[in-house]
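Peer 1: Okay, so here is structure.cif, and as you'll see once you scroll down, it has mmCIF, C-alpha atoms.
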```
data_protein
loop_
_atom_site.label_atom_id
_atom_site.label_comp_id
_atom_site.auth_asym_id
_atom_site.auth_seq_id
_atom_site.Cartn_x
_atom_site.Cartn_y
_atom_site.Cartn_z
CA MET A 1 0.00 0.00 0.00
CA SER A 2 1.09 3.58 -0.55
CA ALA A 3 2.16 5.93 2.22
CA ASP A 4 -1.17 7.67 2.03
CA SER A 5 -2.92 4.67 3.47
CA ASN A 6 -1.33 5.47 6.81
CA ASN A 7 -3.60 8.47 7.10
CA VAL A 8 -6.67 6.44 6.36
CA LYS A 9 -8.45 5.08 9.40
CA ILE A 10 -11.33 2.74 8.87
CA LEU A 11 -13.80 1.51 11.44
CA VAL A 12 -15.55 -1.69 10.44
CA PHE A 13 -18.77 -2.73 12.09
CA ALA A 14 -19.01 -6.42 11.22
CA CYS A 15 -22.04 -8.54 11.93
CA ARG A 16 -20.86 -11.47 13.99
CA TRP A 17 -22.58 -14.07 11.83
CA CYS A 18 -21.16 -13.13 8.44
CA GLY A 19 -18.88 -10.11 8.29
CA LEU A 20 -16.80 -11.06 11.32
CA PHE A 21 -16.33 -14.67 10.21
CA GLY A 22 -15.36 -13.33 6.79
CA ALA A 23 -12.69 -11.21 8.45
CA ASP A 24 -11.53 -14.24 10.44
CA ALA A 25 -11.33 -16.37 7.34
CA ALA A 26 -9.29 -13.69 5.58
CA GLY A 27 -6.88 -13.78 8.52
CA ARG A 28 -6.57 -17.55 8.29
CA GLN A 29 -5.63 -17.24 4.63
CA ARG A 30 -2.73 -14.98 5.68
CA ILE A 31 -3.89 -12.17 3.45
CA GLU A 32 -1.87 -9.01 3.86
CA LEU A 33 -4.08 -6.07 4.66
CA PRO A 34 -3.28 -2.53 5.74
CA VAL A 35 -3.13 -2.22 9.49
CA SER A 36 -5.14 0.91 10.03
CA PHE A 37 -8.58 -0.57 10.26
CA ARG A 38 -10.35 -1.87 13.32
CA VAL A 39 -13.18 -4.33 13.40
CA ILE A 40 -15.97 -4.02 15.94
CA PRO A 41 -18.14 -7.12 16.12
CA VAL A 42 -21.85 -6.42 16.45
CA GLU A 43 -24.67 -8.88 16.78
CA CYS A 44 -26.37 -7.72 13.59
CA ALA A 45 -25.90 -4.98 11.02
CA GLY A 46 -29.31 -3.73 12.17
CA TYR A 47 -27.69 -2.87 15.47
CA VAL A 48 -25.54 -0.20 13.84
CA GLU A 49 -27.65 2.88 14.13
CA PRO A 50 -26.70 5.89 12.01
CA ASP A 51 -25.82 7.82 15.18
CA LEU A 52 -22.97 5.39 15.75
CA VAL A 53 -21.61 6.11 12.30
CA ILE A 54 -21.85 9.85 12.89
CA ARG A 55 -20.12 9.44 16.26
CA ALA A 56 -17.33 7.49 14.56
CA PHE A 57 -16.78 10.28 12.03
CA ALA A 58 -16.68 12.80 14.86
CA SER A 59 -13.87 10.90 16.56
CA GLY A 60 -11.62 11.27 13.54
CA VAL A 61 -12.26 8.14 11.50
CA THR A 62 -11.82 8.55 7.75
CA GLY A 63 -14.28 5.91 6.70
CA VAL A 64 -16.84 3.61 8.23
CA ALA A 65 -17.76 0.21 6.80
CA VAL A 66 -20.82 -1.72 7.87
CA LEU A 67 -20.70 -5.39 6.90
CA GLY A 68 -23.70 -7.63 7.29
CA CYS A 69 -25.22 -10.81 5.92
CA HIS A 70 -26.67 -11.04 2.45
CA VAL A 71 -29.83 -9.00 2.18
CA GLY A 72 -32.39 -11.74 2.53
CA GLY A 73 -30.06 -13.98 4.55
CA CYS A 74 -30.19 -12.19 7.90
CA ARG A 75 -30.33 -14.31 11.06
CA PHE A 76 -32.78 -11.88 12.61
CA ASN A 77 -35.72 -11.79 10.20
CA ASP A 78 -34.61 -9.16 7.72
CA ALA A 79 -33.10 -6.88 10.33
CA ASN A 80 -30.44 -5.85 7.83
CA HIS A 81 -33.03 -4.48 5.43
CA PRO A 82 -33.90 -1.49 7.64
CA ALA A 83 -30.20 -1.13 8.40
CA LEU A 84 -29.47 -0.82 4.71
CA LYS A 85 -32.34 1.61 4.17
CA ARG A 86 -31.35 3.77 7.14
CA LEU A 87 -27.70 3.93 6.21
CA GLU A 88 -28.52 4.69 2.59
CA LEU A 89 -30.52 7.62 3.91
CA LEU A 90 -27.59 8.68 6.06
CA LYS A 91 -25.47 8.74 2.91
CA THR A 92 -27.81 11.38 1.54
CA LEU A 93 -27.19 13.53 4.60
CA LEU A 94 -23.43 13.00 4.40
CA ASP A 95 -23.54 14.00 0.73
CA THR A 96 -25.52 17.14 1.52
CA THR A 97 -23.09 18.34 4.14
CA GLY A 98 -20.11 17.62 1.91
CA ILE A 99 -18.60 14.89 4.07
CA GLY A 100 -19.38 12.51 1.23
CA GLY A 101 -21.57 9.44 1.20
CA ASN A 102 -18.64 7.41 -0.13
CA ARG A 103 -17.00 7.55 3.29
CA LEU A 104 -19.62 5.08 4.41
CA LEU A 105 -19.46 1.62 2.89
CA LEU A 106 -22.18 -0.97 3.10
CA GLY A 107 -21.20 -4.51 2.30
CA PHE A 108 -23.22 -7.68 2.47
CA GLY A 109 -21.56 -11.05 2.14
CA THR A 110 -21.34 -14.41 3.89
CA THR A 111 -18.83 -16.26 5.98
CA HIS A 112 -17.04 -18.13 3.22
CA GLU A 113 -16.67 -15.02 1.07
CA TRP A 114 -13.44 -13.88 2.69
CA HIS A 115 -12.03 -12.91 -0.71
CA GLN A 116 -14.93 -10.54 -1.06
CA TYR A 117 -14.18 -9.10 2.36
CA VAL A 118 -10.57 -8.47 1.38
CA GLU A 119 -11.57 -6.87 -1.90
CA THR A 120 -14.10 -4.68 -0.15
CA ILE A 121 -11.60 -3.41 2.40
CA LEU A 122 -8.84 -2.84 -0.18
CA GLY A 123 -11.27 -1.11 -2.53
CA PHE A 124 -12.45 1.09 0.31
CA TYR A 125 -8.84 2.05 1.08
CA ARG A 126 -8.29 2.98 -2.57
CA GLU A 127 -11.41 5.10 -2.54
CA LEU A 128 -10.64 6.89 0.74
CA GLU A 129 -7.06 7.72 -0.22
CA GLY A 130 -8.30 9.99 -2.95
CA LEU A 131 -10.64 11.97 -0.72
CA PRO A 132 -9.77 15.33 0.84
CA SER A 133 -9.66 15.64 4.61
CA MET A 134 -12.85 16.18 6.54
CA GLY A 135 -11.67 19.62 7.54
CA ALA A 136 -13.85 21.42 10.00
CA TRP A 137 -16.10 18.44 10.54
CA VAL A 138 -13.63 16.75 12.84
CA PRO A 139 -13.20 18.50 16.19
CA VAL A 140 -9.66 19.15 17.30
CA LYS A 141 -9.04 17.45 20.61
CA GLN A 142 -6.27 18.49 22.97
CA MET B 143 -61.14 33.45 7.66
CA LEU B 144 -60.51 34.55 11.24
CA GLU B 145 -64.25 34.93 11.84
CA GLN B 146 -64.86 31.49 10.34
CA VAL B 147 -62.34 29.91 12.69
CA ARG B 148 -63.75 31.74 15.73
CA GLN B 149 -67.27 30.72 14.77
CA ARG B 150 -66.31 27.08 14.40
CA ALA B 151 -64.33 27.03 17.64
CA ARG B 152 -67.23 28.65 19.52
CA GLU B 153 -69.63 26.06 18.15
CA LEU B 154 -67.45 23.17 19.20
CA LEU B 155 -67.21 24.53 22.75
CA GLU B 156 -70.92 25.34 23.02
CA ARG B 157 -72.00 21.92 21.79
CA LYS B 158 -69.60 20.30 24.27
CA GLN B 159 -67.86 18.43 21.47
CA ALA B 160 -64.60 19.57 22.98
CA ASP B 161 -63.47 20.80 26.38
CA GLY B 162 -60.85 23.21 25.21
CA VAL B 163 -59.48 25.02 22.20
CA LEU B 164 -55.76 25.47 21.85
CA ALA B 165 -54.94 28.53 19.78
CA LEU B 166 -53.13 31.84 19.90
CA LYS B 167 -54.62 34.51 22.14
CA LYS B 168 -54.14 38.22 21.97
CA GLY B 169 -54.09 39.14 25.63
CA TYR B 170 -53.11 42.20 27.67
CA TRP B 171 -50.86 44.74 25.98
CA ASP B 172 -51.53 42.87 22.73
CA VAL B 173 -49.19 40.07 23.71
CA ILE B 174 -49.86 37.00 21.59
CA GLN B 175 -49.30 33.61 23.11
CA PRO B 176 -50.77 30.10 22.97
CA HIS B 177 -53.76 29.63 25.22
CA VAL B 178 -56.31 26.92 25.99
CA PHE B 179 -59.75 28.52 25.61
CA THR B 180 -62.41 26.82 27.71
CA ALA B 181 -65.22 29.42 27.70
CA PRO B 182 -67.05 30.30 24.44
CA ALA B 183 -67.10 33.99 25.41
CA GLU B 184 -63.34 34.08 25.48
CA ILE B 185 -63.02 33.10 21.82
CA ASP B 186 -63.14 36.75 20.64
CA LYS B 187 -59.49 37.02 21.63
CA LEU B 188 -58.45 34.17 19.31
CA VAL B 189 -56.00 35.18 16.56
CA LEU B 190 -54.22 33.22 13.82
CA GLU B 191 -51.02 35.15 13.24
CA PRO B 192 -48.07 34.77 13.62
CA LYS B 193 -47.14 31.22 12.65
CA TRP B 194 -46.72 29.20 15.82
CA LEU B 195 -46.63 25.44 15.80
CA LEU B 196 -48.91 24.03 18.47
CA ALA B 197 -48.57 20.26 17.93
CA LYS B 198 -46.07 19.65 20.71
CA MET B 199 -48.02 21.93 23.03
CA ALA B 200 -51.21 20.00 22.29
CA ARG B 201 -49.42 16.84 23.34
CA ALA B 202 -48.36 18.42 26.62
CA VAL B 203 -51.88 19.73 27.30
CA LEU B 204 -53.46 16.34 26.64
CA LEU B 205 -50.92 14.56 28.84
CA GLU B 206 -51.79 16.60 31.90
CA ARG B 207 -55.58 16.53 31.51
CA PRO B 208 -57.69 13.56 32.63
CA GLN B 209 -58.63 10.89 30.12
CA PRO B 210 -61.95 11.99 28.50
CA TRP B 211 -60.82 15.60 28.12
CA ARG B 212 -60.93 16.57 24.44
CA LEU B 213 -58.96 19.33 22.80
CA VAL B 214 -59.44 21.23 19.57
CA VAL B 215 -56.26 22.57 18.02
CA VAL B 216 -56.44 25.42 15.55
CA MET B 217 -53.74 24.54 13.09
CA ARG B 218 -52.06 25.14 9.78
CA GLY B 219 -50.99 22.50 7.29
CA CYS B 220 -47.57 21.95 8.84
CA ASP B 221 -49.11 21.61 12.30
CA GLU B 222 -51.50 18.94 11.06
CA ARG B 223 -48.69 16.95 9.49
CA ALA B 224 -46.78 17.16 12.76
CA VAL B 225 -49.81 15.79 14.63
CA VAL B 226 -50.00 12.88 12.18
CA GLU B 227 -46.36 12.09 12.91
CA LEU B 228 -46.92 12.33 16.66
CA VAL B 229 -49.92 10.00 16.41
CA LYS B 230 -47.78 7.49 14.51
CA ARG B 231 -45.36 7.51 17.43
CA ASN B 232 -48.08 7.07 20.04
CA GLN B 233 -47.50 10.52 21.49
CA VAL B 234 -50.99 11.88 20.95
CA ASP B 235 -54.36 10.17 21.32
CA ARG B 236 -56.16 10.96 18.07
CA GLU B 237 -59.55 10.29 19.72
CA ARG B 238 -59.00 13.17 22.09
CA LEU B 239 -57.59 15.63 19.60
CA LEU B 240 -59.81 17.40 17.09
CA THR B 241 -58.36 19.63 14.44
CA LEU B 242 -59.59 22.90 13.07
CA GLY B 243 -57.51 23.50 10.02
CA TYR B 244 -57.06 26.68 8.06
CA ALA B 245 -55.03 27.37 4.95
CA CYS B 246 -52.08 29.74 4.79
CA ASP B 247 -52.02 32.53 2.21
CA SER B 248 -49.52 32.50 -0.62
CA ALA B 249 -47.25 35.07 1.04
CA GLN B 250 -46.85 32.78 4.05
CA ALA B 251 -46.30 29.75 1.82
CA LYS B 252 -43.57 31.61 0.01
CA ALA B 253 -41.90 32.71 3.23
CA CYS B 254 -41.86 29.14 4.57
CA LEU B 255 -41.03 27.52 1.20
CA CYS B 256 -43.92 25.20 1.93
CA ASN B 257 -45.10 22.76 -0.70
CA ARG B 258 -48.38 22.04 1.09
CA PRO B 259 -49.59 25.22 2.81
CA TYR B 260 -52.96 23.73 3.70
CA PRO B 261 -54.21 20.95 5.98
CA GLN B 262 -55.92 17.88 4.55
CA LYS B 263 -58.98 18.61 6.65
CA LEU B 264 -59.67 22.20 5.69
CA ASP B 265 -62.23 24.08 7.82
CA ALA B 266 -61.53 27.70 6.93
CA GLY B 267 -59.92 29.59 4.09
CA SER B 268 -59.08 28.26 0.67
CA ALA B 269 -55.99 26.29 -0.24
CA VAL B 270 -53.32 28.02 -2.30
CA GLU B 271 -50.68 26.44 -4.48
CA GLY B 272 -47.48 25.53 -2.63
CA VAL B 273 -43.89 26.39 -3.47
CA ASP B 274 -41.28 23.77 -4.32
CA PRO B 275 -38.48 24.47 -1.80
CA LEU B 276 -35.83 22.96 -4.06
CA THR B 277 -36.34 25.68 -6.65
CA ASP B 278 -35.47 28.44 -4.19
CA GLU B 279 -32.16 30.16 -4.91
CA ARG B 280 -30.92 30.15 -1.32
CA VAL B 281 -31.73 26.46 -0.81
CA LYS B 282 -30.12 25.59 -4.13
CA SER B 283 -26.91 27.33 -3.16
CA TYR B 284 -26.56 24.98 -0.18
CA LEU B 285 -27.37 21.78 -2.04
CA GLU B 286 -25.41 22.37 -5.22
CA GLY B 287 -21.71 22.53 -5.98
CA ASP B 288 -19.03 19.96 -5.29
CA ALA B 289 -18.38 18.33 -1.94
CA ARG B 290 -15.60 20.71 -0.98
CA THR B 291 -17.71 23.82 -1.48
CA ARG B 292 -20.68 22.36 0.34
CA MET B 293 -18.54 21.25 3.24
CA GLU B 294 -17.10 24.72 3.67
CA LYS B 295 -20.46 26.33 3.26
CA TRP B 296 -22.11 24.17 5.90
CA ALA B 297 -19.13 24.38 8.24
CA GLU B 298 -19.26 28.15 8.03
CA GLN B 299 -22.94 28.12 8.96
CA LEU B 300 -22.81 25.53 11.71
CA ARG B 301 -19.75 27.06 13.34
CA ARG B 302 -21.99 29.93 14.43
CA CYS B 303 -24.15 27.62 16.55
CA ILE B 304 -24.49 28.81 20.15
CA LYS B 305 -26.01 25.51 21.22
CA CYS B 306 -29.23 26.95 22.57
CA TYR B 307 -31.14 23.78 21.67
CA GLY B 308 -33.76 26.01 20.06
CA CYS B 309 -33.93 23.82 16.97
CA ARG B 310 -34.73 20.82 19.11
CA ASN B 311 -37.16 22.58 21.41
CA SER B 312 -39.12 24.31 18.69
CA CYS B 313 -39.41 21.19 16.55
CA PRO B 314 -42.99 19.90 16.82
CA ILE B 315 -41.84 16.28 16.62
CA CYS B 316 -38.72 16.18 18.81
CA VAL B 317 -40.23 14.69 21.96
CA CYS B 318 -37.79 11.96 23.10
CA VAL B 319 -36.88 11.79 26.76
CA PRO B 320 -34.01 11.30 27.37
CA CYS B 321 -32.54 13.15 24.42
CA LYS B 322 -29.29 12.01 22.86
CA LEU B 323 -28.21 15.62 22.44
CA GLU B 324 -28.00 15.89 26.23
CA ASP B 325 -26.05 12.69 26.63
CA GLU B 326 -22.31 12.90 27.25
CA VAL B 327 -21.80 9.71 25.23
CA TRP B 328 -22.93 11.36 22.03
CA VAL B 329 -22.43 15.09 22.43
CA GLU B 330 -19.89 16.78 24.64
CA ARG B 331 -21.78 18.94 27.09
CA GLY B 332 -21.00 22.52 27.93
CA VAL B 333 -18.95 23.11 24.80
CA VAL B 334 -19.76 26.01 22.52
CA PRO B 335 -19.99 25.92 19.56
CA ALA B 336 -21.58 22.53 19.46
CA GLU B 337 -19.54 19.69 18.04
CA MET B 338 -20.55 20.02 14.44
CA THR B 339 -20.68 16.43 13.40
CA THR B 340 -22.40 14.85 16.35
CA PHE B 341 -24.80 17.57 17.45
CA HIS B 342 -26.07 18.68 14.08
CA LEU B 343 -25.96 15.45 12.15
CA ILE B 344 -27.56 13.38 14.91
CA ARG B 345 -30.32 15.96 15.26
CA ALA B 346 -30.81 16.11 11.52
CA PHE B 347 -30.81 12.37 11.05
CA HIS B 348 -33.25 11.69 13.88
CA LEU B 349 -35.76 13.78 11.96
CA SER B 350 -34.86 12.40 8.54
CA ASP B 351 -38.06 10.46 7.97
CA THR B 352 -40.16 12.54 10.35
CA CYS B 353 -39.51 16.10 9.25
CA VAL B 354 -42.64 17.78 7.96
CA ALA B 355 -40.71 20.79 6.62
CA CYS B 356 -42.48 23.33 8.82
CA GLY B 357 -39.30 25.36 9.20
CA ALA B 358 -39.77 25.92 12.94
CA CYS B 359 -36.12 24.99 13.59
CA GLN B 360 -34.65 27.63 11.35
CA GLU B 361 -37.12 30.24 12.51
CA ALA B 362 -36.13 29.54 16.11
CA CYS B 363 -32.41 29.62 15.35
CA PRO B 364 -30.98 32.86 16.80
CA VAL B 365 -28.00 32.83 14.43
CA GLY B 366 -29.96 31.95 11.32
CA ILE B 367 -28.57 28.56 10.31
CA PRO B 368 -30.70 27.22 7.41
CA LEU B 369 -31.53 24.02 9.26
CA MET B 370 -34.54 23.03 7.18
CA THR B 371 -32.34 22.84 4.10
CA LEU B 372 -30.43 20.06 5.82
CA GLN B 373 -33.63 18.00 5.91
CA LEU B 374 -34.83 18.75 2.41
CA SER B 375 -32.44 16.40 0.61
CA MET B 376 -33.46 13.50 2.84
CA ARG B 377 -37.15 14.27 2.35
CA GLU B 378 -36.47 14.34 -1.36
CA ALA B 379 -34.66 10.98 -1.22
CA LEU B 380 -37.58 9.34 0.62
CA LYS B 381 -40.02 10.78 -1.86
CA ARG B 382 -37.96 9.57 -4.81
CA ASP B 383 -37.16 6.09 -3.50
CA TYR B 384 -40.32 5.10 -1.66
CA ASN B 385 -42.84 7.78 -2.62
CA TYR B 386 -43.11 8.57 1.08
CA GLU B 387 -43.82 11.95 2.56
CA ALA B 388 -43.98 12.46 6.31
CA GLY B 389 -47.26 13.56 7.83
CA ILE B 390 -49.53 12.73 4.93
CA ASP B 391 -50.78 9.22 5.62
CA ALA B 392 -51.37 8.29 9.26
CA ASP B 393 -51.46 4.56 8.45
CA ARG B 394 -48.18 4.38 6.61
CA LYS B 395 -45.10 3.89 8.75
CA SER B 396 -41.73 5.21 7.71
CA PRO B 397 -40.20 3.08 4.93
CA VAL B 398 -36.85 2.86 6.70
CA LEU B 399 -38.50 0.66 9.33
CA SER B 400 -39.75 -1.93 6.86
CA ASP B 401 -37.91 -4.46 4.72
CA PHE B 402 -37.31 -4.58 1.00
CA ILE B 403 -39.93 -7.24 0.49
CA LYS B 404 -42.81 -5.18 1.90
CA GLU B 405 -41.54 -1.88 0.60
CA PRO B 406 -39.18 -2.23 -2.33
CA ARG B 407 -37.61 0.70 -4.03
CA PRO B 408 -39.21 1.26 -7.40
CA GLY B 409 -37.00 0.07 -10.22
CA GLN B 410 -34.74 -1.90 -7.94
CA ASP B 411 -34.71 -5.65 -7.29
CA MET B 412 -33.91 -6.99 -3.91
CA PRO B 413 -30.14 -6.64 -3.76
CA ASP B 414 -28.48 -9.93 -2.91
CA TRP B 415 -25.05 -8.44 -2.62
CA VAL B 416 -24.53 -4.74 -2.20
CA ASP B 417 -21.27 -2.94 -2.24
CA SER B 418 -20.63 0.67 -2.97
CA THR B 419 -17.10 0.36 -4.35
CA GLU B 420 -17.01 -2.92 -6.29
CA LYS B 421 -19.19 -4.14 -9.09
CA LYS B 422 -21.11 -7.32 -8.58
CA PRO B 423 -18.93 -10.23 -9.79
#
```
Output the file's structure in the form of structure tokens.
Peer 2:
Amino acid sequence: MSADSNNVKILVFACRWCGLFGADAAGRQRIELPVSFRVIPVECAGYVEPDLVIRAFASGVTGVAVLGCHVGGCRFNDANHPALKRLELLKTLLDTTGIGGNRLLLGFGTTHEWHQYVETILGFYRELEGLPSMGAWVPVKQ
Amino acid sequence: MLEQVRQRARELLERKQADGVLALKKGYWDVIQPHVFTAPAEIDKLVLEPKWLLAKMARAVLLERPQPWRLVVVMRGCDERAVVELVKRNQVDRERLLTLGYACDSAQAKACLCNRPYPQKLDAGSAVEGVDPLTDERVKSYLEGDARTRMEKWAEQLRRCIKCYGCRNSCPICVCVPCKLEDEVWVERGVVPAEMTTFHLIRAFHLSDTCVACGACQEACPVGIPLMTLQLSMREALKRDYNYEAGIDADRKSPVLSDFIKEPRPGQDMPDWVDSTEKKP
């Protein structure tokens, strides 16, 4: 990865049934990934409310990824459908304010699709590297 | 129109169809404030101007009165939409709340950039054509341009915030207790100006599918941040994707609460694998 990727910080909310196992599987394959992303396991992608994403941006994260099960394959009766709809709506707000909806990535895959997980994360890095800084939207903490 | 409203309100009180009328009252020294009229004789002091949203107040009045007490609210179009949204969230008992709707004139509609300046149940006045807010020059200037320009433009506006919570308090639909904007976890307390990202975006997003575009937030704002503009793009997205508009249909819940099977987006199949950066293999 280029030097720029050091400035990119990604927070990944991974559903513990699909996204997290995908991340695990990628680790078992010894795939080399950039080090500046952190995975937070959640019970379901539906648990990730938009406020959490906003809070993450406020604490200086460059991009947020929310990974869940296939739409239609959720363990909790389609809980990831509203999650997808809500977060798509949040993208509209992020676009309006100029933060950019592309700082939020929604991915839906299953456990065995670790290659997809890797591609998603690497693609997200490529996308975020080209973006300008968030400027005034990130508070400066002492 | 004013006489019509007074007449109707007096009738409702005299026939005991309602126990109180919530409206604006011109009292001593011509001070105008919201008031619950209970005597028919008092109705002469009822006025309609200025614009003052009473939906949240009606909720508070109904909460403190005993169960069978019925209230009439004299309201504009935006107020009625707000009541519909409050009813959806179980905040107001529709059985106990009667509406007496009147239409705004075109000057008011233009000032508010309102696309529906009339209630669905119209009792007085005649409905005038609304204005499409997205065609307004000032609104356009905030929603157009590239990301960089917009970011600077919004940052410049929101940096002026003095964190008076006026936008939240004046909003006819913001009724949550406890409020996330007062919680240390989400928003740092006692810091002025407010943390831009958390305070303003959380507030804006909580109202994304609820906002009835009444404009009370930006009218209440002492530093003149165009807060309603922040909601307009989300209202537009809901209208485009799900043909949903807040406050119109009391039986239809927000589409972001339902799944893709019950409420699909027009022209879009159920996505089996969604990713914003990569094409589907």
Peer 1: Counting all atoms listed in the file, which residues of chain B come no farther than 9 Å from chain A, as a VMD selection string?
Peer 2: chain B and resid 284 to 286 288 to 298 301 328 to 329 337 to 340 343 to 344 346 to 348 350 372 to 373 375 to 376 379 to 380 397 to 403 412 to 420
Peer 1: Quick check, in Å to one decimal: how far apart do atom CA of B:Ala224 and atom CA of B:Ser283 lie?
Peer 2: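 Interatomic distance here is 27.4 Å.
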Peer 1: When you draw a straight line from atom CA of A:Leu128 to atom CA of A:Lys9, how long is it in Å?
Peer 2: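 If I compute the distance from atom CA of A:Leu128 to atom CA of A:Lys9, I get 9.1 Å.
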Peer 1: Compare A:Cys44, A:Cys74, A:Val8, A:Phe21 by their minimum atom-to-atom distance to A:Glu113, counting all atoms listed in the file, and give me the closest one.
Peer 2: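 Smallest separation from A:Glu113 among the options: A:Phe21.
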Peer 1: Which residues match the PyMOL selection byres ((chain B and resi 193) around 10) in the file above, as a list in words?
Peer 2: Leu166, Leu190, Glu191, Pro192, Trp194, Leu195, Leu196, Met217, Arg218, Asp221, Cys246, Gln250, Cys254, Cys356 and Ala358 of chain B
